[in-house]
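A short worksheet on the structure shown next.
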Amino acid sequence: MEEIRSLKVINELGMHARAAGQIVELAGKYKAKLFLRKDSREVDGLSILSILSLACPKGGEVEARIIGVDAKEFIDELERLFKSKFGETGRGQYRPKKKTMKGFPVSPGITIGKAHHLDRSKTTVFYRKLINKKEVDREIDRFRQAVDMAKEQIQKFKSNIPEQVKGYAFVLDTHSMILDDSLLFDSTLQRIQKEKVNAGWALKKSVDNIHQLFKKVEDEYIGRGMDDVDSVSERVLRNLTGVEPDSLVGIKGKVIVVAHSLSPCDIVELNVSYVMGILTDVGSRTSHMAIMSEALEIPVVVGLENATDMIVDGDLLIVDGNTGDIIINPEPDTIISYEDKKKRYNSYKSAIDRVRHLPAETSDGYKITIKANIEFLGEAKTAIENGAEGIGLYRTEYLYMIKRDFPDEQTLFDDYSQIAKMVAPNPVTIRTLDIASDKMMASDSDTVTSREDNPALGLRSIRFCLSERNVFKTQLRAILRASVYGNFRLMFPMISGLGQFLDAKRVLKSVMRSLDRDGIEYNREIPIGILIEIPSATSIADILAKHADFFSIGTNDLIQYALAIDRDNEHVAHLYEPFHPAVLRMIHQVVKAGNKEGIDVSLCGEIAGDPLAILILLSLGLEEFSMNIGSIPLIKKMIRMLPLGEVRDHFKGILQVSTSKKVESFVLKRAQSLLPNIFEEDVFRYRATGTS
């Protein structure tokens, strides 16, 4: 059965987003197919974006064509909806104002859809004094039961983990380990007993204490540990109060999830058939939730601060996971523009994905090496799948952060030997421990061994390792033992002078001698390198190069130290300038020093994955880069399109440009000439000056 009827738009606001949404909602109730025609253009009545694209104002007419068994009933109801002015009053229904927000993009892509609020607000905890031993015992039992329930829930999530994020199952194991950690579990039990307070309050105080321990730790990767602690403790609190969180399983329509925060367990529960994107008030680009969500290949923006307040359930949203831009209730023209941008992005992404496993060879025959920066064993498989030719930076801190005590040699060896085997025959550059002393907790109390006012400039990284040699030697033994299972390179971070590097090498030699005495096999020729990330090291790079097997330039810290900028401080973040002439000259100085001594020089900072920065870095003589996994396909695509000789000719004079902004203009102009298909289309993000 087919019904055709002309319908006039009589409401003041025309066929806007909410009206289009009502039409789509109505269409879903009938066994019939709706088509709407305006002028010569007919669109699908089940697509809110297609309806909006008709841009039909008050007084306009559309022709409705309905095919199906419910056609007559459906078209009568549709006509009533038009005549009701889509629920607008005589004064005109409130028209949602277009609003914009900006957050941190953590998973690329563009999506358009309706907002769906997910309640992830923190559980309110009240203080209650316990009056007798019976109440204390009851609270202890309640807490133990809530923790056991949380372990069961996490295990259930792990058993149902989607294929895309199976490599991150260890994150859920970490959550289970945190539940057993004495700083959380034992500390809470002690507070219930000694302070005679309810379990929820005792847990809150334990978590507050852990926050204090991490308060001055500036490393963004270590900060992930607190995200995990907060997620785990919130789960226990909900179990204590009996509050059931909103479930992602119940979502059946295509939506964009808006929440205060999401945990790794939420990501495991998420169905990408329905969830088109994620927005959160809080969170960082380095959180486990962010890393796992990128594996699902849906746009995710975090750190929006008040998205749950500004966005109403059902609002139409545009989410740009490339830039972090959010548009709430956009105008039809904006929607059409972003639909086009989305198509172009998807087209370019498909083209990029096709070359991810091809060598990064320039169009004039120069071989460039592309590796990945990772922190977890589970990321190695994802890195190789994305085209990495090895691991250029394996951060080793996580095993030290998830437990109160230092990991033993066997625990470290198990991790290191596995990654060696997974990546072989490609190389793994393993960085020795790089954390500050104020993370190091005493084994028998809730206090740190020392508290520093400025840990970034204090006893951290190689300084800490040379101070705590037993900790250092344990890690070096594990690395050396694992070196026979693959292709390892050992790298010392935060080296500020030659004496420090030679001290570290002497410790390594003593560990080698101990392994010889124990009859344990290891790679005696393991390359020993320096992570160049302190300005003093760049100044004496020519001296260091005579004693190192390789250099890797760590621009994340180098930029901060060189410019005296904390990029996570909102008051000065705009001064964090990767294209600062001083930074470029430091990089060039290190490359020249390495080349003169015939040692490999690579770069492993975030700018290695920046499409604009990579052009500068190539022009400065670098031919090996290590970057975040998600950046690898695009950078490979770019390199395969570039004639390296022309890049170096085009960029002569880059070191004489006087400011960051002028450097960016200099590069962008030449980038648009060399790679017009990428830079003129503006579908991929790149880091402009003053941003991180």
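In the structure tokens, chains take letters A, B, ... by order of appearance, with residues numbered from 1 within each chain and ligands from 1 in the order shown.
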Write out, as JSON lines, each residue of region 9-96 of chain A that has an atom at most 9 Å from region 333-355 of chain A, together with the closest pair of atoms and their distance in Å to one decimal, counting only C-alpha atoms, rows going by chain and rising number.
```
{"residue": "A:Leu49", "atom": "CA", "partner": "A:Ile335", "partner_atom": "CA", "distance": 7.4}
{"residue": "A:Leu52", "atom": "CA", "partner": "A:Ile335", "partner_atom": "CA", "distance": 8.2}
{"residue": "A:Ser53", "atom": "CA", "partner": "A:Ile336", "partner_atom": "CA", "distance": 6.6}
{"residue": "A:Ala55", "atom": "CA", "partner": "A:Asp333", "partner_atom": "CA", "distance": 8.4}
```
Strand (DSSP E or B) call set, DSSP backbone run, region 478-687 of chain A, as a ChimeraX atom specification: /A:487-492,528-532,550-553,600-603,624-627
Straight-line distance linking CA of Leu615 (chain A) with CA of Thr659 (chain A), stated in Å to one decimal: 17.2 Å
Residue neighbourhood Leu377 (chain A), 8 Å, only C-alpha atoms, exclusion window fewer than 5 positions, as a list in words: Asp415, Gln418 and Ile419 of chain A
Could you write those residues out with C-alpha atoms, as a CSV table (one decimal), in the first residue's frame?
```csv
chain,number,residue,atom,x,y,z
A,415,ASP,CA,56.6,-8.5,31.0
A,418,GLN,CA,56.8,-11.1,26.4
A,419,ILE,CA,57.1,-7.8,24.6
```
Computed interatomic separation between CA of Ile370 (chain A) and CA of Leu620 (chain A) (Å):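 Rounded to one decimal, the two atoms are 16.4 Å apart.
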How far is it from CA of Gln475 (chain A) to CA of Glu409 (chain A), in Å with one decimal?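 Those two atoms sit 6.5 Å apart.
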Contact residues around region 260-275 of chain A with only C-alpha atoms at 9 Å, ignoring same-chain residues under 5 positions, as a PyMOL selection string: chain A and resi 118-122+154+157-158+160-162+165+171-172+227-228+231-232+247-249+251-255+280-283+288-290+292-293+296-298+302+305-308
7 Å contact set for Tyr394 (chain A), only C-alpha atoms, chain neighbours under 6 positions out, as an NGL selection string: :A and (373-375 or 429-431)
Keeping only C-alpha atoms, write the selected residues as an mmCIF file, in the first residue's frame.
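Done, and the output landed in out-v9.cif:
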```cif
data_model
loop_
_atom_site.group_PDB
_atom_site.id
_atom_site.type_symbol
_atom_site.label_atom_id
_atom_site.label_comp_id
_atom_site.auth_asym_id
_atom_site.auth_seq_id
_atom_site.Cartn_x
_atom_site.Cartn_y
_atom_site.Cartn_z
ATOM 1 C CA ASN A 373 55.349 4.715 21.814
ATOM 2 C CA ILE A 374 53.592 2.337 24.206
ATOM 3 C CA GLU A 375 53.193 1.811 27.918
ATOM 4 C CA THR A 429 63.665 0.510 22.888
ATOM 5 C CA ILE A 430 63.001 0.065 26.582
ATOM 6 C CA ARG A 431 63.278 3.113 28.825
#
```
Excluding Lys83 (chain A) and residues on its chain fewer than 4 positions from it, collect all residues at most 9 Å away from it, counting only C-alpha atoms, and give them as a JSON list (two decimals) with C-alpha atoms, in the first residue's frame.
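What ended up in result-v4.json:
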```
[["chain", "number", "residue", "atom", "x", "y", "z"],
["A", 7, "LEU", "CA", 2.01, 18.59, 4.12],
["A", 8, "LYS", "CA", 2.47, 22.26, 4.97],
["A", 9, "VAL", "CA", 4.96, 23.40, 7.61],
["A", 10, "ILE", "CA", 3.05, 25.89, 9.78],
["A", 11, "ASN", "CA", 5.19, 26.09, 12.92],
["A", 78, "LEU", "CA", 2.08, 12.39, 10.36],
["A", 79, "GLU", "CA", -0.41, 15.00, 9.14]]
```
Env of Pro427 (chain A): 6 Å cut, atoms = only C-alpha atoms, seq-sep filter 3 positions within chain, self excluded. Answer as an MDAnalysis selection string. chainID A and resid 390 487:488
What parts of region 296-369 of chain A does DSSP call helix (DSSP H, G or I)? I'd like the answer as a VMD selection string. chain A and resid 307 to 310 332 to 353
